[in-house]
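Here is structure19.cif, consisting of mmCIF, N, CA and C atoms:
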data_my_file
#
loop_
_atom_site.label_atom_id
_atom_site.label_comp_id
_atom_site.auth_asym_id
_atom_site.auth_seq_id
_atom_site.Cartn_x
_atom_site.Cartn_y
_atom_site.Cartn_z
N MET I 1 5.16 -29.83 11.52
CA MET I 1 4.45 -28.59 11.24
C MET I 1 5.44 -27.44 11.22
N SER I 2 5.27 -26.54 10.30
CA SER I 2 6.18 -25.41 10.14
C SER I 2 6.02 -24.40 11.27
N GLN I 3 7.12 -23.73 11.56
CA GLN I 3 7.10 -22.64 12.54
C GLN I 3 6.83 -21.34 11.79
N TYR I 4 5.80 -20.65 12.18
CA TYR I 4 5.48 -19.37 11.58
C TYR I 4 6.02 -18.25 12.46
N GLU I 5 6.31 -17.12 11.83
CA GLU I 5 6.70 -15.93 12.57
C GLU I 5 5.43 -15.23 13.03
N ASN I 6 5.34 -14.88 14.30
CA ASN I 6 4.11 -14.29 14.81
C ASN I 6 4.34 -13.01 15.60
N GLU I 7 5.46 -12.35 15.39
CA GLU I 7 5.68 -11.08 16.07
C GLU I 7 4.71 -10.02 15.54
N LEU I 8 4.56 -9.95 14.24
CA LEU I 8 3.71 -8.93 13.61
C LEU I 8 2.64 -9.51 12.70
N SER I 9 2.72 -10.80 12.41
CA SER I 9 1.80 -11.43 11.48
C SER I 9 1.08 -12.59 12.15
N ASN I 10 -0.21 -12.72 11.90
CA ASN I 10 -0.98 -13.85 12.42
C ASN I 10 -1.35 -14.84 11.33
N PHE I 11 -0.83 -14.62 10.10
CA PHE I 11 -1.11 -15.55 9.01
C PHE I 11 -0.36 -16.86 9.29
N PRO I 12 -0.93 -18.02 9.10
CA PRO I 12 -2.18 -18.35 8.42
C PRO I 12 -3.39 -18.47 9.34
N HIS I 13 -3.23 -18.17 10.61
CA HIS I 13 -4.34 -18.30 11.56
C HIS I 13 -5.35 -17.16 11.43
N ARG I 14 -4.91 -16.05 10.89
CA ARG I 14 -5.79 -14.92 10.60
C ARG I 14 -5.40 -14.35 9.25
N LYS I 15 -6.26 -13.52 8.70
CA LYS I 15 -5.98 -12.91 7.41
C LYS I 15 -4.75 -12.00 7.48
N ILE I 16 -4.13 -11.81 6.34
CA ILE I 16 -2.99 -10.90 6.23
C ILE I 16 -3.48 -9.47 6.46
N THR I 17 -2.68 -8.69 7.15
CA THR I 17 -3.01 -7.31 7.46
C THR I 17 -3.22 -6.51 6.17
N LYS I 18 -4.32 -5.80 6.10
CA LYS I 18 -4.57 -4.95 4.93
C LYS I 18 -4.23 -3.51 5.30
N HIS I 19 -3.40 -2.90 4.49
CA HIS I 19 -3.00 -1.51 4.70
C HIS I 19 -3.67 -0.66 3.64
N ASN I 20 -4.20 0.46 4.05
CA ASN I 20 -4.87 1.38 3.12
C ASN I 20 -4.15 2.73 3.15
N PHE I 21 -2.97 2.77 2.56
CA PHE I 21 -2.20 4.00 2.56
C PHE I 21 -2.80 5.00 1.58
N LYS I 22 -2.63 6.27 1.93
CA LYS I 22 -3.13 7.34 1.10
C LYS I 22 -1.96 8.06 0.43
N ASN I 23 -2.23 8.68 -0.70
CA ASN I 23 -1.25 9.56 -1.33
C ASN I 23 -1.22 10.88 -0.55
N VAL I 24 -0.08 11.51 -0.54
CA VAL I 24 0.04 12.79 0.14
C VAL I 24 -0.91 13.78 -0.53
N ASP I 25 -1.67 14.49 0.30
CA ASP I 25 -2.61 15.49 -0.21
C ASP I 25 -2.40 16.80 0.54
N ASP I 26 -3.25 17.78 0.28
CA ASP I 26 -3.12 19.10 0.90
C ASP I 26 -3.25 19.05 2.43
N LYS I 27 -3.98 18.08 2.95
CA LYS I 27 -4.17 17.96 4.39
C LYS I 27 -2.85 17.69 5.12
N ILE I 28 -1.97 16.95 4.50
CA ILE I 28 -0.76 16.48 5.15
C ILE I 28 0.51 17.10 4.55
N ALA I 29 0.40 17.80 3.46
CA ALA I 29 1.58 18.31 2.74
C ALA I 29 2.48 19.18 3.59
N ASP I 30 1.89 20.05 4.42
CA ASP I 30 2.70 20.94 5.26
C ASP I 30 3.58 20.16 6.24
N ILE I 31 3.02 19.16 6.85
CA ILE I 31 3.79 18.35 7.80
C ILE I 31 4.89 17.58 7.07
N ILE I 32 4.57 16.99 5.93
CA ILE I 32 5.57 16.25 5.15
C ILE I 32 6.71 17.18 4.74
N ASN I 33 6.38 18.37 4.26
CA ASN I 33 7.40 19.34 3.85
C ASN I 33 8.27 19.77 5.03
N GLN I 34 7.66 19.93 6.19
CA GLN I 34 8.42 20.31 7.38
C GLN I 34 9.37 19.18 7.79
N ILE I 35 8.91 17.95 7.72
CA ILE I 35 9.77 16.79 8.04
C ILE I 35 10.95 16.75 7.08
N LYS I 36 10.68 16.88 5.80
CA LYS I 36 11.76 16.86 4.80
C LYS I 36 12.73 18.01 5.00
N SER I 37 12.22 19.17 5.37
CA SER I 37 13.08 20.32 5.62
C SER I 37 14.01 20.04 6.79
N PHE I 38 13.48 19.49 7.88
CA PHE I 38 14.32 19.13 9.03
C PHE I 38 15.39 18.12 8.63
N GLN I 39 15.01 17.12 7.84
CA GLN I 39 15.96 16.09 7.41
C GLN I 39 17.08 16.69 6.56
N LEU I 40 16.72 17.58 5.64
CA LEU I 40 17.72 18.21 4.78
C LEU I 40 18.71 19.07 5.58
N GLN I 41 18.24 19.63 6.70
CA GLN I 41 19.10 20.44 7.55
C GLN I 41 19.89 19.60 8.55
N GLY I 42 19.65 18.27 8.54
CA GLY I 42 20.34 17.39 9.48
C GLY I 42 19.71 17.39 10.86
N LEU I 43 18.52 17.92 10.98
CA LEU I 43 17.82 17.98 12.27
C LEU I 43 16.90 16.76 12.42
N TYR I 44 17.52 15.59 12.50
CA TYR I 44 16.77 14.34 12.52
C TYR I 44 15.95 14.17 13.79
N GLY I 45 16.44 14.70 14.90
CA GLY I 45 15.69 14.64 16.16
C GLY I 45 14.38 15.40 16.07
N LYS I 46 14.45 16.59 15.49
CA LYS I 46 13.23 17.39 15.31
C LYS I 46 12.27 16.69 14.36
N ALA I 47 12.82 16.13 13.29
CA ALA I 47 11.97 15.40 12.34
C ALA I 47 11.30 14.22 13.02
N ALA I 48 12.07 13.50 13.84
CA ALA I 48 11.51 12.33 14.54
C ALA I 48 10.41 12.75 15.51
N ARG I 49 10.62 13.84 16.25
CA ARG I 49 9.60 14.32 17.18
C ARG I 49 8.33 14.76 16.44
N LEU I 50 8.53 15.41 15.30
CA LEU I 50 7.36 15.82 14.51
C LEU I 50 6.58 14.60 14.02
N ILE I 51 7.30 13.58 13.61
CA ILE I 51 6.65 12.34 13.17
C ILE I 51 5.90 11.70 14.34
N GLU I 52 6.54 11.60 15.51
CA GLU I 52 5.89 11.02 16.69
C GLU I 52 4.64 11.80 17.09
N ASN I 53 4.74 13.13 17.08
CA ASN I 53 3.60 13.97 17.49
C ASN I 53 2.43 13.89 16.52
N ASN I 54 2.70 13.51 15.28
CA ASN I 54 1.65 13.42 14.26
C ASN I 54 1.46 11.99 13.75
N ASN I 55 1.86 11.02 14.55
CA ASN I 55 1.82 9.62 14.11
C ASN I 55 0.42 9.16 13.71
N ASP I 56 -0.59 9.60 14.43
CA ASP I 56 -1.96 9.17 14.10
C ASP I 56 -2.37 9.60 12.69
N ILE I 57 -1.90 10.76 12.25
CA ILE I 57 -2.22 11.25 10.90
C ILE I 57 -1.26 10.64 9.87
N LEU I 58 0.04 10.67 10.20
CA LEU I 58 1.07 10.23 9.25
C LEU I 58 1.02 8.73 8.95
N SER I 59 0.52 7.94 9.88
CA SER I 59 0.49 6.48 9.66
C SER I 59 -0.35 6.08 8.45
N GLN I 60 -1.24 6.97 8.01
CA GLN I 60 -2.05 6.70 6.83
C GLN I 60 -1.30 7.01 5.53
N TYR I 61 -0.19 7.76 5.65
CA TYR I 61 0.52 8.25 4.47
C TYR I 61 1.94 7.70 4.31
N ILE I 62 2.57 7.31 5.41
CA ILE I 62 3.98 6.93 5.37
C ILE I 62 4.15 5.48 5.78
N VAL I 63 4.92 4.74 4.99
CA VAL I 63 5.25 3.35 5.32
C VAL I 63 6.47 3.40 6.24
N ASP I 64 6.34 2.80 7.43
CA ASP I 64 7.44 2.82 8.38
C ASP I 64 8.08 1.44 8.50
N ALA I 65 9.09 1.34 9.35
CA ALA I 65 9.82 0.09 9.51
C ALA I 65 8.93 -1.04 10.01
N VAL I 66 7.99 -0.73 10.88
CA VAL I 66 7.08 -1.76 11.40
C VAL I 66 6.24 -2.34 10.27
N THR I 67 5.78 -1.49 9.36
CA THR I 67 5.00 -1.97 8.22
C THR I 67 5.83 -2.86 7.33
N PHE I 68 7.08 -2.44 7.03
CA PHE I 68 7.95 -3.28 6.22
C PHE I 68 8.21 -4.62 6.91
N ARG I 69 8.43 -4.62 8.20
CA ARG I 69 8.68 -5.86 8.94
C ARG I 69 7.44 -6.75 8.91
N THR I 70 6.26 -6.14 9.01
CA THR I 70 5.01 -6.92 8.93
C THR I 70 4.89 -7.58 7.57
N TRP I 71 5.16 -6.82 6.48
CA TRP I 71 5.09 -7.39 5.13
C TRP I 71 6.08 -8.54 4.99
N GLU I 72 7.29 -8.33 5.49
CA GLU I 72 8.33 -9.36 5.39
C GLU I 72 7.88 -10.64 6.10
N GLU I 73 7.34 -10.50 7.29
CA GLU I 73 6.89 -11.64 8.06
C GLU I 73 5.71 -12.34 7.39
N GLU I 74 4.78 -11.58 6.84
CA GLU I 74 3.63 -12.19 6.19
C GLU I 74 4.01 -12.90 4.89
N ILE I 75 4.97 -12.37 4.16
CA ILE I 75 5.48 -13.06 2.97
C ILE I 75 6.15 -14.36 3.37
N TYR I 76 6.95 -14.31 4.41
CA TYR I 76 7.64 -15.52 4.91
C TYR I 76 6.62 -16.58 5.33
N ASN I 77 5.61 -16.17 6.10
CA ASN I 77 4.58 -17.11 6.54
C ASN I 77 3.78 -17.67 5.36
N THR I 78 3.52 -16.85 4.37
CA THR I 78 2.78 -17.29 3.19
C THR I 78 3.59 -18.32 2.41
N GLN I 79 4.90 -18.11 2.30
CA GLN I 79 5.75 -19.08 1.61
C GLN I 79 5.73 -20.42 2.33
N LYS I 80 5.85 -20.40 3.64
CA LYS I 80 5.83 -21.65 4.41
C LYS I 80 4.48 -22.35 4.25
N TYR I 81 3.41 -21.58 4.31
CA TYR I 81 2.07 -22.14 4.17
C TYR I 81 1.88 -22.77 2.79
N ALA I 82 2.33 -22.06 1.76
CA ALA I 82 2.15 -22.55 0.38
C ALA I 82 2.90 -23.85 0.16
N LYS I 83 4.07 -24.00 0.75
CA LYS I 83 4.85 -25.22 0.57
C LYS I 83 4.20 -26.43 1.22
N GLN I 84 3.30 -26.21 2.17
CA GLN I 84 2.64 -27.32 2.86
C GLN I 84 1.37 -27.79 2.15
N GLN I 85 0.86 -26.99 1.26
CA GLN I 85 -0.44 -27.27 0.65
C GLN I 85 -0.33 -28.11 -0.62
N GLN I 86 -1.35 -28.88 -0.88
CA GLN I 86 -1.45 -29.58 -2.15
C GLN I 86 -2.49 -28.82 -2.98
N GLN I 87 -2.26 -28.84 -4.25
CA GLN I 87 -3.14 -28.08 -5.12
C GLN I 87 -3.55 -28.96 -6.29
N CYS I 88 -4.79 -28.88 -6.70
CA CYS I 88 -5.26 -29.60 -7.88
C CYS I 88 -5.33 -28.62 -9.04
N ILE I 89 -4.90 -29.09 -10.18
CA ILE I 89 -4.99 -28.29 -11.40
C ILE I 89 -5.90 -29.04 -12.36
N TYR I 90 -6.94 -28.39 -12.81
CA TYR I 90 -7.92 -29.02 -13.68
C TYR I 90 -7.77 -28.47 -15.10
N PHE I 91 -7.68 -29.38 -16.07
CA PHE I 91 -7.64 -29.02 -17.49
C PHE I 91 -8.93 -29.53 -18.10
N GLU I 92 -9.97 -28.74 -18.04
CA GLU I 92 -11.27 -29.16 -18.54
C GLU I 92 -11.96 -27.99 -19.23
N GLU I 93 -12.84 -28.32 -20.18
CA GLU I 93 -13.57 -27.26 -20.87
C GLU I 93 -14.53 -26.56 -19.92
N GLU I 94 -15.25 -27.33 -19.13
CA GLU I 94 -16.21 -26.77 -18.18
C GLU I 94 -15.55 -26.69 -16.81
N GLU I 95 -15.86 -25.64 -16.06
CA GLU I 95 -15.27 -25.47 -14.74
C GLU I 95 -15.72 -26.60 -13.82
N PRO I 96 -14.76 -27.30 -13.22
CA PRO I 96 -15.09 -28.40 -12.32
C PRO I 96 -15.46 -27.90 -10.93
N ASP I 97 -15.85 -28.82 -10.06
CA ASP I 97 -16.15 -28.48 -8.68
C ASP I 97 -14.82 -28.42 -7.92
N CYS I 98 -14.26 -27.22 -7.81
CA CYS I 98 -12.94 -27.04 -7.20
C CYS I 98 -13.08 -26.53 -5.77
N ILE I 99 -12.02 -26.72 -5.01
CA ILE I 99 -11.95 -26.10 -3.71
C ILE I 99 -11.02 -24.90 -3.80
N GLU I 100 -11.07 -24.00 -2.82
CA GLU I 100 -10.25 -22.80 -2.83
C GLU I 100 -8.78 -23.17 -2.95
N GLY I 101 -8.08 -22.51 -3.86
CA GLY I 101 -6.66 -22.78 -4.06
C GLY I 101 -6.39 -23.65 -5.27
N ASP I 102 -7.41 -24.33 -5.79
CA ASP I 102 -7.22 -25.13 -7.00
C ASP I 102 -7.15 -24.23 -8.22
N VAL I 103 -6.62 -24.77 -9.29
CA VAL I 103 -6.47 -24.01 -10.53
C VAL I 103 -7.27 -24.71 -11.61
N TRP I 104 -8.04 -23.96 -12.37
CA TRP I 104 -8.79 -24.51 -13.49
C TRP I 104 -8.31 -23.83 -14.76
N LEU I 105 -7.90 -24.63 -15.71
CA LEU I 105 -7.47 -24.14 -17.02
C LEU I 105 -8.41 -24.74 -18.05
N GLY I 106 -9.14 -23.89 -18.75
CA GLY I 106 -10.04 -24.40 -19.79
C GLY I 106 -9.24 -24.98 -20.93
N GLY I 107 -9.68 -26.08 -21.46
CA GLY I 107 -8.94 -26.71 -22.54
C GLY I 107 -9.79 -27.70 -23.30
N GLY I 108 -9.14 -28.42 -24.21
CA GLY I 108 -9.83 -29.42 -25.02
C GLY I 108 -10.10 -30.68 -24.22
N LYS I 109 -10.95 -31.55 -24.80
CA LYS I 109 -11.34 -32.79 -24.13
C LYS I 109 -10.19 -33.79 -24.06
N ASP I 110 -9.17 -33.64 -24.92
CA ASP I 110 -8.08 -34.61 -24.94
C ASP I 110 -7.01 -34.31 -23.86
N ILE I 111 -7.19 -33.26 -23.07
CA ILE I 111 -6.22 -32.90 -22.04
C ILE I 111 -6.56 -33.61 -20.74
N GLN I 112 -5.54 -34.10 -20.04
CA GLN I 112 -5.76 -34.77 -18.77
C GLN I 112 -6.42 -33.83 -17.78
N SER I 113 -7.21 -34.40 -16.88
CA SER I 113 -7.84 -33.57 -15.85
C SER I 113 -7.39 -34.04 -14.46
N ASN I 114 -7.56 -33.17 -13.50
CA ASN I 114 -7.31 -33.46 -12.10
C ASN I 114 -5.87 -33.85 -11.83
N VAL I 115 -4.93 -33.05 -12.23
CA VAL I 115 -3.52 -33.26 -11.94
C VAL I 115 -3.24 -32.76 -10.54
N ILE I 116 -2.61 -33.55 -9.72
CA ILE I 116 -2.29 -33.14 -8.35
C ILE I 116 -0.80 -32.90 -8.23
N LEU I 117 -0.42 -31.74 -7.74
CA LEU I 117 0.98 -31.41 -7.51
C LEU I 117 1.28 -31.60 -6.03
N SER I 118 2.41 -32.16 -5.72
CA SER I 118 2.81 -32.29 -4.32
C SER I 118 4.29 -31.97 -4.20
N GLN I 119 4.73 -31.82 -2.95
CA GLN I 119 6.14 -31.49 -2.70
C GLN I 119 7.03 -32.63 -3.08
#
Just dump the structure as structure tokens.
Amino acid sequence: MSQYENELSNFPHRKITKHNFKNVDDKIADIINQIKSFQLQGLYGKAARLIENNNDILSQYIVDAVTFRTWEEEIYNTQKYAKQQQQCIYFEEEEPDCIEGDVWLGGGKDIQSNVILSQ
């Protein structure tokens, strides 16, 4: 059995984390501009404190290192999971009785059906 990374991701035991980031709008623009201003002046400590103090609001707008690490881990786990699975590919005119993860390609009657791919 494959070893999954579980520091930030629970896939395949749970669904992949869904992130609902927002575009910067008037509600957050002042804070974003202030952060950028601090960064341009080389005042990274002030920028970091401003980010920390407004983390609850900014987390909806800014992708941080934890989010990138979560995505990386979930992609890694998904790759491992996919390599373990078998998949059926159906080449039939009418949709067959498939299970989740199978592929159905509509085609002519002379095409083979129920092709199984394995590692």
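Minimum atom-to-atom distance to Asp64 (chain I), evaluated using only C-alpha atoms, belongs to I:Phe21 out of I:Phe21, I:Tyr81, I:Glu7, I:Pro12.
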Residues selected by the PyMOL selection byres ((chain I and resi 8) around 7), written as a PDB file with N, CA and C atoms, keeping the file's coordinate frame:
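Saved as result.pdb:
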ATOM      1  N   GLU I   5       6.310 -17.120  11.830  1.00  0.00           N
ATOM      2  CA  GLU I   5       6.700 -15.930  12.570  1.00  0.00           C
ATOM      3  C   GLU I   5       5.430 -15.230  13.030  1.00  0.00           C
ATOM      4  N   ASN I   6       5.340 -14.880  14.300  1.00  0.00           N
ATOM      5  CA  ASN I   6       4.110 -14.290  14.810  1.00  0.00           C
ATOM      6  C   ASN I   6       4.340 -13.010  15.600  1.00  0.00           C
ATOM      7  N   GLU I   7       5.460 -12.350  15.390  1.00  0.00           N
ATOM      8  CA  GLU I   7       5.680 -11.080  16.070  1.00  0.00           C
ATOM      9  C   GLU I   7       4.710 -10.020  15.540  1.00  0.00           C
ATOM     10  N   SER I   9       2.720 -10.800  12.410  1.00  0.00           N
ATOM     11  CA  SER I   9       1.800 -11.430  11.480  1.00  0.00           C
ATOM     12  C   SER I   9       1.080 -12.590  12.150  1.00  0.00           C
ATOM     13  N   ASN I  10      -0.210 -12.720  11.900  1.00  0.00           N
ATOM     14  CA  ASN I  10      -0.980 -13.850  12.420  1.00  0.00           C
ATOM     15  C   ASN I  10      -1.350 -14.840  11.330  1.00  0.00           C
ATOM     16  N   PHE I  11      -0.830 -14.620  10.100  1.00  0.00           N
ATOM     17  CA  PHE I  11      -1.110 -15.550   9.010  1.00  0.00           C
ATOM     18  C   PHE I  11      -0.360 -16.860   9.290  1.00  0.00           C
ATOM     19  N   ARG I  69       8.430  -4.620   8.200  1.00  0.00           N
ATOM     20  CA  ARG I  69       8.680  -5.860   8.940  1.00  0.00           C
ATOM     21  C   ARG I  69       7.440  -6.750   8.910  1.00  0.00           C
ATOM     22  N   THR I  70       6.260  -6.140   9.010  1.00  0.00           N
ATOM     23  CA  THR I  70       5.010  -6.920   8.930  1.00  0.00           C
ATOM     24  C   THR I  70       4.890  -7.580   7.570  1.00  0.00           C
ATOM     25  N   GLU I  73       7.340 -10.500   7.290  1.00  0.00           N
ATOM     26  CA  GLU I  73       6.890 -11.640   8.060  1.00  0.00           C
ATOM     27  C   GLU I  73       5.710 -12.340   7.390  1.00  0.00           C
ATOM     28  N   GLU I  74       4.780 -11.580   6.840  1.00  0.00           N
ATOM     29  CA  GLU I  74       3.630 -12.190   6.190  1.00  0.00           C
ATOM     30  C   GLU I  74       4.010 -12.900   4.890  1.00  0.00           C
TER      31      GLU I  74
END
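For Ser59 (chain I), the residues within 8 Å (counting only N, CA and C atoms, excluding itself and residues fewer than 6 positions away along the chain) are Asn20, Phe21, Lys22 and Ile51 of chain I.
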If the PyMOL selection byres (((chain I and resi 50 and name CA) around 12) and name CA) is run on the structure shown, which residues does it catch, given as an MDAnalysis selection string? chainID I and resid 30:39 43:49 51:58
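With only C-alpha atoms as the atoms that count, the minimum distance from Gln60 (chain I) to the choices I:Glu72, I:Val24, I:Gly42, I:His13 is reached by I:Val24.
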